[in-house]
>>> print(open('upload.tsv').read())   # TSV, C-alpha atoms
chain	number	residue	atom	x	y	z
A	1	MET	CA	-1.90	-27.46	9.82
A	2	PRO	CA	1.27	-25.49	10.65
A	3	LEU	CA	1.55	-22.14	8.95
A	4	LEU	CA	5.23	-22.64	8.15
A	5	ALA	CA	6.26	-26.11	6.96
A	6	PRO	CA	9.72	-27.46	6.04
A	7	PHE	CA	10.99	-26.04	2.75
A	8	ARG	CA	11.90	-27.92	-0.40
A	9	SER	CA	15.52	-27.78	-1.59
A	10	GLY	CA	16.16	-25.04	-4.11
A	11	PHE	CA	13.28	-22.78	-3.12
A	12	PHE	CA	14.23	-19.09	-3.19
A	13	LEU	CA	14.74	-17.54	0.25
A	14	LEU	CA	15.10	-13.95	1.29
A	15	THR	CA	18.59	-13.14	2.53
A	16	SER	CA	19.08	-14.35	6.12
A	17	LEU	CA	15.45	-15.43	6.51
A	18	THR	CA	15.61	-18.52	8.72
A	19	LEU	CA	11.92	-19.37	9.05
A	20	THR	CA	11.06	-22.84	7.80
A	21	MET	CA	8.63	-22.80	4.93
A	22	SER	CA	6.93	-24.73	2.16
A	23	ALA	CA	7.36	-24.17	-1.56
A	24	ALA	CA	3.63	-24.85	-1.80
A	25	GLN	CA	2.62	-21.77	0.15
A	26	HIS	CA	3.55	-18.25	1.17
A	27	ASP	CA	2.86	-17.14	4.72
A	28	PHE	CA	2.08	-13.66	5.96
A	29	PHE	CA	0.83	-11.71	8.95
A	30	VAL	CA	-1.86	-9.03	8.95
A	31	GLY	CA	-1.82	-6.00	11.22
A	32	THR	CA	-5.18	-4.45	12.08
A	33	TYR	CA	-7.06	-1.79	13.94
A	34	THR	CA	-8.87	-3.35	16.91
A	35	ARG	CA	-11.58	-0.70	16.97
A	36	THR	CA	-14.36	-3.11	16.01
A	37	THR	CA	-14.06	-6.91	16.14
A	38	SER	CA	-10.37	-7.49	15.40
A	39	ARG	CA	-8.34	-8.97	18.24
A	40	GLY	CA	-4.83	-8.21	16.96
A	41	ILE	CA	-2.36	-9.81	14.53
A	42	TYR	CA	-3.55	-12.56	12.19
A	43	ALA	CA	-1.68	-15.25	10.24
A	44	VAL	CA	-2.74	-16.24	6.70
A	45	LYS	CA	-1.47	-18.75	4.12
A	46	LEU	CA	-1.40	-18.11	0.36
A	47	ASP	CA	-1.45	-21.13	-1.95
A	48	ALA	CA	1.58	-20.70	-4.21
A	49	THR	CA	-0.14	-22.54	-7.08
A	50	THR	CA	-3.60	-20.96	-7.08
A	51	GLY	CA	-3.17	-17.74	-5.07
A	52	ALA	CA	-6.06	-18.71	-2.79
A	53	LEU	CA	-5.97	-17.36	0.77
A	54	SER	CA	-6.60	-19.44	3.88
A	55	ALA	CA	-8.91	-18.45	6.69
A	56	PRO	CA	-7.03	-16.15	9.09
A	57	SER	CA	-5.89	-17.39	12.49
A	58	LEU	CA	-5.16	-15.17	15.47
A	59	ALA	CA	-1.39	-15.02	15.99
A	60	ALA	CA	-1.30	-12.52	18.87
A	61	GLU	CA	-3.98	-10.66	20.77
A	62	THR	CA	-2.93	-7.01	21.08
A	63	ALA	CA	-4.31	-3.50	20.59
A	64	ASN	CA	-4.08	-1.73	17.21
A	65	PRO	CA	-1.02	-3.50	15.73
A	66	THR	CA	-1.28	-1.41	12.61
A	67	PHE	CA	2.23	-1.91	11.25
A	68	LEU	CA	4.52	-4.89	11.54
A	69	ALA	CA	8.23	-5.49	10.88
A	70	LEU	CA	10.20	-8.73	10.69
A	71	HIS	CA	13.66	-9.18	12.17
A	72	PRO	CA	16.18	-10.11	9.42
A	73	GLY	CA	16.83	-13.40	11.20
A	74	GLY	CA	13.14	-14.29	10.89
A	75	LYS	CA	12.73	-15.27	14.54
A	76	PHE	CA	11.19	-12.06	15.87
A	77	LEU	CA	8.40	-9.70	14.86
A	78	TYR	CA	7.75	-6.13	15.99
A	79	ALA	CA	4.41	-4.34	16.07
A	80	LEU	CA	3.07	-0.91	16.82
A	81	ASP	CA	0.33	-0.21	19.30
A	82	GLU	CA	-1.19	2.70	17.38
A	83	ALA	CA	-3.14	4.24	20.21
A	84	PRO	CA	-5.33	7.25	19.43
A	85	ALA	CA	-3.81	10.69	19.87
A	86	PRO	CA	-3.95	11.70	23.56
A	87	ALA	CA	-6.32	14.37	24.82
A	88	PRO	CA	-4.76	17.73	25.68
A	89	GLY	CA	-2.83	17.45	28.93
A	90	ALA	CA	-3.01	13.65	28.99
A	91	PRO	CA	0.17	11.52	29.01
A	92	VAL	CA	1.32	10.35	25.61
A	93	GLY	CA	1.60	6.65	24.97
A	94	GLY	CA	3.35	5.42	21.83
A	95	VAL	CA	4.34	1.75	22.32
A	96	ILE	CA	6.39	-0.81	20.36
A	97	ARG	CA	5.95	-4.53	21.09
A	98	ALA	CA	8.41	-7.39	20.47
A	99	TYR	CA	7.35	-10.99	19.75
A	100	ALA	CA	9.07	-14.32	19.26
A	101	LEU	CA	7.77	-16.07	16.15
A	102	ASP	CA	7.06	-19.80	16.28
A	103	PRO	CA	7.23	-21.15	12.71
A	104	ALA	CA	5.49	-24.39	13.66
A	105	THR	CA	2.31	-22.77	14.97
A	106	ALA	CA	2.32	-19.23	13.50
A	107	LEU	CA	1.85	-17.94	17.03
A	108	LEU	CA	3.60	-14.89	18.39
A	109	THR	CA	4.83	-14.89	21.99
A	110	ALA	CA	5.14	-11.48	23.62
A	111	LEU	CA	8.70	-10.65	24.71
A	112	ASN	CA	8.44	-7.07	25.95
A	113	ARG	CA	7.21	-3.60	25.15
A	114	GLU	CA	8.87	-0.18	25.16
A	115	PRO	CA	7.25	3.27	25.20
A	116	THR	CA	8.42	5.82	22.67
A	117	GLY	CA	7.93	8.68	25.11
A	118	GLY	CA	6.04	10.51	22.40
A	119	GLY	CA	2.81	10.51	20.43
A	120	SER	CA	0.93	7.55	18.97
A	121	VAL	CA	3.15	5.51	16.65
A	122	THR	CA	2.51	5.04	12.94
A	123	HIS	CA	5.28	3.11	11.16
A	124	LEU	CA	8.47	1.22	11.93
A	125	ALA	CA	11.50	-0.45	10.33
A	126	VAL	CA	14.22	-2.85	11.51
A	127	ASP	CA	17.75	-2.30	10.24
A	128	ALA	CA	19.60	-4.93	8.16
A	129	THR	CA	21.80	-6.04	11.07
A	130	GLY	CA	18.85	-6.62	13.37
A	131	ARG	CA	20.31	-4.36	16.05
A	132	SER	CA	18.15	-1.25	15.63
A	133	LEU	CA	14.49	-0.33	15.21
A	134	VAL	CA	13.23	3.08	14.08
A	135	THR	CA	9.66	4.27	14.45
A	136	VAL	CA	7.72	7.46	13.72
A	137	SER	CA	4.68	9.27	15.10
A	138	TYR	CA	2.21	10.83	12.68
A	139	SER	CA	0.20	12.59	15.38
A	140	ALA	CA	3.25	14.23	16.99
A	141	GLY	CA	5.77	14.43	14.12
A	142	GLN	CA	8.47	12.48	15.99
A	143	VAL	CA	11.20	9.94	15.17
A	144	THR	CA	12.43	7.41	17.75
A	145	SER	CA	15.04	4.64	17.74
A	146	PHE	CA	15.53	1.57	19.93
A	147	PRO	CA	18.26	-1.07	20.27
A	148	LEU	CA	17.29	-4.68	19.63
A	149	LEU	CA	18.81	-7.25	21.97
A	150	ALA	CA	20.12	-10.67	20.93
A	151	ASP	CA	17.02	-12.39	22.33
A	152	GLY	CA	14.73	-10.15	20.25
A	153	ARG	CA	13.66	-7.87	23.06
A	154	LEU	CA	13.56	-4.09	22.72
A	155	GLY	CA	15.99	-2.01	24.73
A	156	PRO	CA	15.10	1.45	26.11
A	157	ARG	CA	14.78	4.35	23.68
A	158	ARG	CA	18.05	5.77	22.34
A	159	SER	CA	17.14	8.66	19.99
A	160	PHE	CA	14.17	11.02	20.01
A	161	ILE	CA	13.77	13.67	17.29
A	162	GLN	CA	10.97	16.23	17.01
A	163	HIS	CA	10.18	17.47	13.50
A	164	THR	CA	9.78	21.20	12.96
A	165	GLY	CA	9.70	23.46	9.93
A	166	PRO	CA	7.51	25.32	7.45
A	167	LEU	CA	4.18	23.60	6.80
A	168	GLY	CA	2.76	22.80	3.39
A	169	PRO	CA	-0.12	24.80	1.86
A	170	ASN	CA	-2.94	22.31	2.62
A	171	ARG	CA	-3.95	23.55	6.08
A	172	SER	CA	-6.60	20.86	6.56
A	173	ARG	CA	-3.97	18.12	6.27
A	174	GLN	CA	-0.71	19.97	6.86
A	175	ASP	CA	-1.57	21.58	10.19
A	176	LYS	CA	1.54	20.42	12.10
A	177	PRO	CA	4.45	18.01	11.50
A	178	HIS	CA	3.25	14.52	10.56
A	179	ALA	CA	6.08	11.98	10.29
A	180	HIS	CA	4.41	9.16	8.36
A	181	SER	CA	6.95	6.43	7.61
A	182	VAL	CA	10.58	5.36	7.84
A	183	THR	CA	12.64	3.54	5.18
A	184	LEU	CA	16.23	2.39	5.63
A	185	SER	CA	18.69	2.87	2.78
A	186	PRO	CA	20.03	-0.26	1.03
A	187	ASP	CA	23.47	0.28	2.60
A	188	ASN	CA	21.86	0.57	6.07
A	189	ARG	CA	23.52	3.97	6.68
A	190	PHE	CA	20.48	6.24	6.53
A	191	ALA	CA	16.91	6.31	7.81
A	192	TRP	CA	14.58	8.29	5.53
A	193	VAL	CA	11.46	9.71	7.22
A	194	ALA	CA	8.57	11.05	5.14
A	195	ASP	CA	6.71	13.97	6.75
A	196	LEU	CA	3.32	14.56	5.14
A	197	ALA	CA	2.87	18.07	6.53
A	198	LEU	CA	6.34	19.43	5.81
A	199	ASP	CA	6.48	18.18	2.19
A	200	ARG	CA	9.88	16.70	2.88
A	201	VAL	CA	11.57	13.34	3.34
A	202	PHE	CA	14.27	13.70	5.99
A	203	SER	CA	17.59	11.86	5.95
A	204	TYR	CA	19.07	10.68	9.28
A	205	ARG	CA	22.42	8.95	9.76
A	206	LEU	CA	21.91	5.60	11.48
A	207	ASP	CA	24.51	4.04	13.75
A	208	ALA	CA	23.13	0.50	13.88
A	209	ALA	CA	25.56	-0.62	16.57
A	210	THR	CA	24.28	1.99	19.03
A	211	ALA	CA	20.76	2.38	17.57
A	212	THR	CA	21.19	6.16	17.37
A	213	LEU	CA	20.09	8.70	14.77
A	214	ALA	CA	21.56	12.07	13.79
A	215	PRO	CA	20.47	14.56	11.09
A	216	ASN	CA	22.28	14.08	7.81
A	217	ASP	CA	23.73	16.79	5.58
A	218	PRO	CA	21.86	17.29	3.29
A	219	THR	CA	18.99	17.01	5.71
A	220	SER	CA	16.09	16.24	3.35
A	221	VAL	CA	14.61	16.12	-0.13
A	222	ALA	CA	11.58	18.28	-0.93
A	223	THR	CA	8.43	17.16	-2.73
A	224	PRO	CA	6.11	19.65	-4.53
A	225	PRO	CA	4.13	21.92	-2.18
A	226	GLY	CA	1.00	20.17	-0.95
A	227	ALA	CA	2.10	16.72	-2.18
A	228	GLY	CA	2.13	15.17	1.30
A	229	PRO	CA	4.83	12.45	1.27
A	230	ARG	CA	3.58	9.29	2.97
A	231	HIS	CA	5.62	6.13	2.19
A	232	THR	CA	8.92	5.54	0.36
A	233	LYS	CA	10.92	2.73	-1.25
A	234	PHE	CA	14.39	2.29	-2.77
A	235	SER	CA	15.17	0.51	-6.02
A	236	ALA	CA	16.90	-2.83	-5.57
A	237	ASP	CA	20.22	-1.41	-6.78
A	238	GLY	CA	19.91	1.69	-4.57
A	239	ARG	CA	20.16	4.13	-7.50
A	240	PHE	CA	16.61	5.47	-7.21
A	241	PHE	CA	14.30	6.52	-4.39
A	242	TYR	CA	10.50	6.53	-4.82
A	243	VAL	CA	8.25	8.75	-2.70
A	244	LEU	CA	4.49	8.13	-2.60
A	245	ASN	CA	2.61	11.37	-1.94
A	246	GLU	CA	-0.75	10.89	-0.23
A	247	ILE	CA	-2.43	14.27	-0.70
A	248	ASP	CA	-1.93	14.85	-4.43
A	249	GLY	CA	-1.85	11.14	-5.35
A	250	THR	CA	1.57	11.03	-7.01
A	251	VAL	CA	4.96	9.36	-6.98
A	252	THR	CA	8.10	11.50	-6.88
A	253	VAL	CA	11.03	9.66	-8.44
A	254	CYS	CA	14.48	10.67	-7.13
A	255	ALA	CA	17.99	9.88	-8.27
A	256	TYR	CA	19.86	8.67	-5.19
A	257	ASP	CA	23.50	9.31	-4.31
A	258	ALA	CA	24.44	6.73	-1.69
A	259	ALA	CA	27.70	8.31	-0.55
A	260	PRO	CA	26.19	11.46	1.03
A	261	GLY	CA	22.73	9.94	1.40
A	262	SER	CA	21.07	12.53	-0.86
A	263	ALA	CA	18.14	12.39	-3.26
A	264	ARG	CA	17.29	14.57	-6.28
A	265	PRO	CA	13.74	14.63	-7.78
A	266	ILE	CA	13.62	13.72	-11.48
A	267	GLN	CA	9.93	12.83	-12.06
A	268	HIS	CA	6.51	13.52	-10.51
A	269	ILE	CA	3.78	11.21	-11.85
A	270	SER	CA	0.14	10.65	-10.90
A	271	THR	CA	-1.08	7.36	-9.42
A	272	LEU	CA	-4.56	8.06	-10.88
A	273	PRO	CA	-6.01	8.04	-14.40
A	274	ALA	CA	-5.95	11.30	-16.32
A	275	GLY	CA	-9.00	13.42	-15.53
A	276	PHE	CA	-9.99	11.53	-12.38
A	277	LYS	CA	-10.73	13.87	-9.47
A	278	VAL	CA	-10.57	12.49	-5.94
A	279	THR	CA	-12.89	14.04	-3.39
A	280	ASP	CA	-11.91	11.81	-0.45
A	281	PRO	CA	-9.09	13.45	1.57
A	282	ASP	CA	-7.30	10.09	1.85
A	283	ARG	CA	-5.70	9.27	-1.46
A	284	ALA	CA	-2.50	7.32	-2.12
A	285	ALA	CA	-1.68	4.82	0.63
A	286	GLU	CA	1.12	2.31	-0.08
A	287	ILE	CA	4.02	1.84	-2.50
A	288	ARG	CA	5.91	-1.38	-3.30
A	289	LEU	CA	8.55	-2.48	-5.80
A	290	HIS	CA	8.54	-5.89	-7.44
A	291	PRO	CA	11.41	-8.08	-6.20
A	292	ASP	CA	12.97	-8.14	-9.68
A	293	GLY	CA	13.03	-4.32	-9.74
A	294	ARG	CA	11.07	-3.89	-12.98
A	295	PHE	CA	7.68	-2.77	-11.65
A	296	LEU	CA	6.29	-0.36	-9.06
A	297	TYR	CA	2.84	-0.53	-7.44
A	298	ALA	CA	0.86	2.14	-5.57
A	299	SER	CA	-2.58	1.93	-3.97
A	300	ASN	CA	-5.29	4.59	-4.23
A	301	ARG	CA	-8.06	4.98	-1.65
A	302	GLY	CA	-11.21	6.61	-3.00
A	303	HIS	CA	-10.42	5.37	-6.51
A	304	ASP	CA	-9.89	1.94	-4.89
A	305	SER	CA	-7.22	0.80	-7.28
A	306	ILE	CA	-3.61	-0.28	-7.57
A	307	ALA	CA	-1.57	1.68	-10.08
A	308	VAL	CA	1.02	-0.42	-11.90
A	309	PHE	CA	4.14	1.20	-13.38
A	310	ALA	CA	7.04	-0.13	-15.42
A	311	ILE	CA	10.46	1.10	-14.24
A	312	ASN	CA	13.03	2.16	-16.82
A	313	PRO	CA	16.19	0.31	-15.74
A	314	THR	CA	18.45	3.07	-17.07
A	315	ASP	CA	16.98	6.22	-15.54
A	316	GLY	CA	14.47	4.86	-13.00
A	317	LEU	CA	11.55	6.75	-14.57
A	318	LEU	CA	8.01	5.35	-14.42
A	319	THR	CA	5.55	4.56	-17.20
A	320	ASN	CA	1.97	3.62	-16.32
A	321	VAL	CA	0.92	0.08	-17.21
A	322	GLU	CA	-2.60	-0.06	-15.74
A	323	PHE	CA	-4.94	0.98	-12.92
A	324	ALA	CA	-6.25	-2.31	-11.52
A	325	PRO	CA	-9.39	-2.38	-9.33
A	326	CYS	CA	-8.16	-3.43	-5.89
A	327	GLY	CA	-11.09	-5.71	-5.01
A	328	GLY	CA	-12.34	-3.81	-1.97
A	329	LYS	CA	-12.75	-0.44	-0.30
A	330	ALA	CA	-9.80	1.68	0.89
A	331	PRO	CA	-6.67	-0.33	-0.02
A	332	ARG	CA	-4.67	0.89	2.97
A	333	ASN	CA	-1.86	-1.62	2.43
A	334	PHE	CA	-0.69	-4.40	0.14
A	335	ALA	CA	2.42	-6.52	-0.35
A	336	LEU	CA	4.05	-8.81	-2.90
A	337	SER	CA	5.07	-12.37	-2.10
A	338	THR	CA	8.82	-12.83	-1.74
A	339	ASP	CA	9.09	-14.36	-5.22
A	340	GLY	CA	6.96	-11.59	-6.80
A	341	THR	CA	4.36	-14.04	-8.13
A	342	TRP	CA	1.43	-12.83	-6.03
A	343	LEU	CA	0.11	-9.60	-4.53
A	344	VAL	CA	-2.20	-9.43	-1.50
A	345	CYS	CA	-4.25	-6.28	-0.88
A	346	ALA	CA	-5.81	-5.30	2.47
A	347	HIS	CA	-8.99	-3.20	2.42
A	348	GLN	CA	-9.48	-1.27	5.64
A	349	ASP	CA	-13.05	-0.15	4.97
A	350	SER	CA	-14.45	-3.43	3.63
A	351	ASP	CA	-12.73	-5.70	6.20
A	352	SER	CA	-11.24	-7.95	3.55
A	353	LEU	CA	-8.14	-9.23	1.78
A	354	CYS	CA	-7.85	-10.52	-1.77
A	355	SER	CA	-5.00	-11.77	-3.93
A	356	PHE	CA	-3.75	-11.14	-7.46
A	357	ALA	CA	-1.51	-13.04	-9.84
A	358	VAL	CA	1.37	-10.87	-11.10
A	359	ASP	CA	2.29	-11.16	-14.77
A	360	PRO	CA	6.09	-11.66	-14.82
A	361	ASP	CA	6.48	-9.91	-18.18
A	362	THR	CA	4.19	-6.89	-17.83
A	363	GLY	CA	3.59	-6.54	-14.09
A	364	ARG	CA	-0.18	-6.54	-14.67
A	365	LEU	CA	-2.51	-7.88	-11.98
A	366	THR	CA	-5.18	-10.57	-12.39
A	367	ARG	CA	-7.63	-10.94	-9.54
A	368	VAL	CA	-7.89	-14.38	-7.90
A	369	ALA	CA	-11.51	-15.30	-7.22
A	370	GLY	CA	-12.70	-14.92	-3.65
A	371	SER	CA	-11.56	-12.99	-0.60
A	372	ILE	CA	-11.18	-13.49	3.15
A	373	SER	CA	-12.54	-11.45	6.04
A	374	VAL	CA	-10.20	-9.69	8.47
A	375	PRO	CA	-11.54	-6.71	10.46
A	376	MET	CA	-9.89	-3.38	9.54
A	377	PRO	CA	-6.69	-4.79	7.99
A	378	VAL	CA	-3.95	-2.17	7.53
A	379	CYS	CA	-0.65	-4.08	7.09
A	380	VAL	CA	0.43	-7.16	5.10
A	381	LEU	CA	3.82	-8.66	6.00
A	382	PHE	CA	5.08	-11.70	4.06
A	383	VAL	CA	7.56	-13.92	5.91
A	384	ASN	CA	8.33	-16.20	2.96
>>> encode(input="upload.tsv", output="structure tokens")
Amino acid sequence: MPLLAPFRSGFFLLTSLTLTMSAAQHDFFVGTYTRTTSRGIYAVKLDATTGALSAPSLAAETANPTFLALHPGGKFLYALDEAPAPAPGAPVGGVIRAYALDPATALLTALNREPTGGGSVTHLAVDATGRSLVTVSYSAGQVTSFPLLADGRLGPRRSFIQHTGPLGPNRSRQDKPHAHSVTLSPDNRFAWVADLALDRVFSYRLDAATATLAPNDPTSVATPPGAGPRHTKFSADGRFFYVLNEIDGTVTVCAYDAAPGSARPIQHISTLPAGFKVTDPDRAAEIRLHPDGRFLYASNRGHDSIAVFAINPTDGLLTNVEFAPCGGKAPRNFALSTDGTWLVCAHQDSDSLCSFAVDPDTGRLTRVAGSISVPMPVCVLFVN
């Protein structure tokens, strides 16, 4: 059965998404580590009525495609090859791969690959025009940009930025710059890069037409010392910026001023229940906002839960709703379906994915019975 079937008239589509689809299902890809039995990127279907997940099918065989990004036109997909950090003196090898996406078969056809010229790559984002891709290296603390050609292929590297600066107080985790993720602003003018070791999220001006980056002024927003910013998201209206901090297991809420591309912290709230002490060094992992903008979700490794927050529409502040068991071990990543009805969580350490129904009024999660097996899943990317 094709992964992506023709869509029924009136079904809600993401802006400029051109993949054919069915109102009866949501389709997504899973990025993995190929350290054990995984062979690359997998395609999965979610039943839009029951939330049940299909058996995964191999969409592309490739090494360590840990994070994925979809072109805004829906015809191309980009993946990291998160190679291990190189040995001292060895050549570095960060690589980005481009694929054409066939909606009839859910297969990905390799187009080309481009080296970053830096350390192993960790996260990536495609700009709203589909002309630029930005990626970061955790191991080397670097930011790189590439042009995207009309046929979906990657052009040679355009910008290369090395992070430097004072390190945070946690010397076991904050030993050198660690650029962890990149998020593009709603107006597509800025790329925000969270650096776990520097306790800062850096703002870079993006010229999408040339795929180039330049430091913004102001250059960054600071999180509390030792927080360890990991992933970030903007509110749908662009008024607020949410920073998930891995080390201390918190979310820093910022008021966002779009004109200069600046953020100001206004709240710092835990993603864990009061009194819970995490001993595992890996804590918070992923942050997502509900498509309607009313709820925020954050995953906790160690506690193995998803924290659910209500968002105040006036001031952007968070109020905890619940801490839902995630259904597996080490919820490295999760994502909401495009209509916000379902949430799929990927558990890196239990080689599984499970789904949840999302309450439209409260944001609460209800586990759907069953799970599917995918080796070391670390990214969930819905395409409809």
>>> atom_distance(input="upload.tsv", atom1="CA of Ala194 (chain A)", atom2="CA of Ser181 (chain A)")
5.5 Å
>>> closest_residue(input="upload.tsv", among="A:Val243, A:Ile311, A:Leu133, A:Leu317", to="Pro156 (chain A)", atoms="all atoms listed in the file")
A:Leu133
>>> closest_residue(input="upload.tsv", among="A:Pro186, A:Ser172, A:Leu80, A:His71", to="Ser132 (chain A)", atoms="all atoms listed in the file")
A:His71
>>> residues_around(input="upload.tsv", residues="Gln25 (chain A)", least_positions_apart="6", cutoff="6 Å", atoms="all atoms listed in the file", output="PyMOL selection string")
chain A and resi 46-48
>>> atom_distance(input="upload.tsv", atom1="CA of Ala55 (chain A)", atom2="CA of Ala335 (chain A)")
17.9 Å
>>> atom_distance(input="upload.tsv", atom1="CA of Ser270 (chain A)", atom2="CA of Asn245 (chain A)")
9.3 Å
>>> decode(input="upload.tsv", residues="region 340-359 of chain A", atoms="N, CA and C atoms", output="tab-separated table (two decimals), in the first residue's frame")
chain	number	residue	atom	x	y	z
A	340	GLY	N	-2.33	18.23	14.87
A	340	GLY	CA	-2.26	18.29	16.33
A	340	GLY	C	-3.07	17.26	17.07
A	341	THR	N	-3.61	16.26	16.36
A	341	THR	CA	-4.47	15.26	16.98
A	341	THR	C	-3.68	14.16	17.66
A	342	TRP	N	-2.47	13.87	17.14
A	342	TRP	CA	-1.68	12.75	17.62
A	342	TRP	C	-0.25	13.18	17.91
A	343	LEU	N	0.39	12.47	18.81
A	343	LEU	CA	1.81	12.66	19.11
A	343	LEU	C	2.50	11.30	19.03
A	344	VAL	N	3.64	11.26	18.35
A	344	VAL	CA	4.44	10.03	18.24
A	344	VAL	C	5.77	10.27	18.93
A	345	CYS	N	6.14	9.34	19.83
A	345	CYS	CA	7.37	9.46	20.61
A	345	CYS	C	8.34	8.34	20.21
A	346	ALA	N	9.61	8.72	20.01
A	346	ALA	CA	10.66	7.77	19.64
A	346	ALA	C	11.58	7.54	20.84
A	347	HIS	N	11.80	6.28	21.18
A	347	HIS	CA	12.58	5.91	22.36
A	347	HIS	C	13.90	5.28	21.92
A	348	GLN	N	14.96	6.04	22.06
A	348	GLN	CA	16.26	5.60	21.56
A	348	GLN	C	16.74	4.32	22.25
A	349	ASP	N	16.54	4.22	23.55
A	349	ASP	CA	17.13	3.10	24.30
A	349	ASP	C	16.23	1.88	24.41
A	350	SER	N	14.98	1.97	23.95
A	350	SER	CA	14.14	0.76	23.92
A	350	SER	C	13.72	0.41	22.50
A	351	ASP	N	14.32	1.07	21.49
A	351	ASP	CA	14.12	0.72	20.09
A	351	ASP	C	12.65	0.66	19.71
A	352	SER	N	11.91	1.69	20.09
A	352	SER	CA	10.46	1.64	19.87
A	352	SER	C	9.87	3.02	19.63
A	353	LEU	N	8.67	3.01	19.03
A	353	LEU	CA	7.84	4.20	18.89
A	353	LEU	C	6.44	3.86	19.37
A	354	CYS	N	5.79	4.85	20.00
A	354	CYS	CA	4.40	4.69	20.38
A	354	CYS	C	3.67	6.00	20.10
A	355	SER	N	2.35	5.94	20.11
A	355	SER	CA	1.55	7.12	19.78
A	355	SER	C	0.61	7.47	20.92
A	356	PHE	N	0.19	8.73	20.93
A	356	PHE	CA	-0.71	9.27	21.95
A	356	PHE	C	-1.79	10.10	21.27
A	357	ALA	N	-3.02	10.02	21.80
A	357	ALA	CA	-4.06	10.94	21.40
A	357	ALA	C	-3.89	12.23	22.21
A	358	VAL	N	-4.06	13.38	21.56
A	358	VAL	CA	-3.92	14.68	22.20
A	358	VAL	C	-5.30	15.26	22.46
A	359	ASP	N	-5.59	15.57	23.72
A	359	ASP	CA	-6.86	16.18	24.06
A	359	ASP	C	-6.89	17.60	23.53
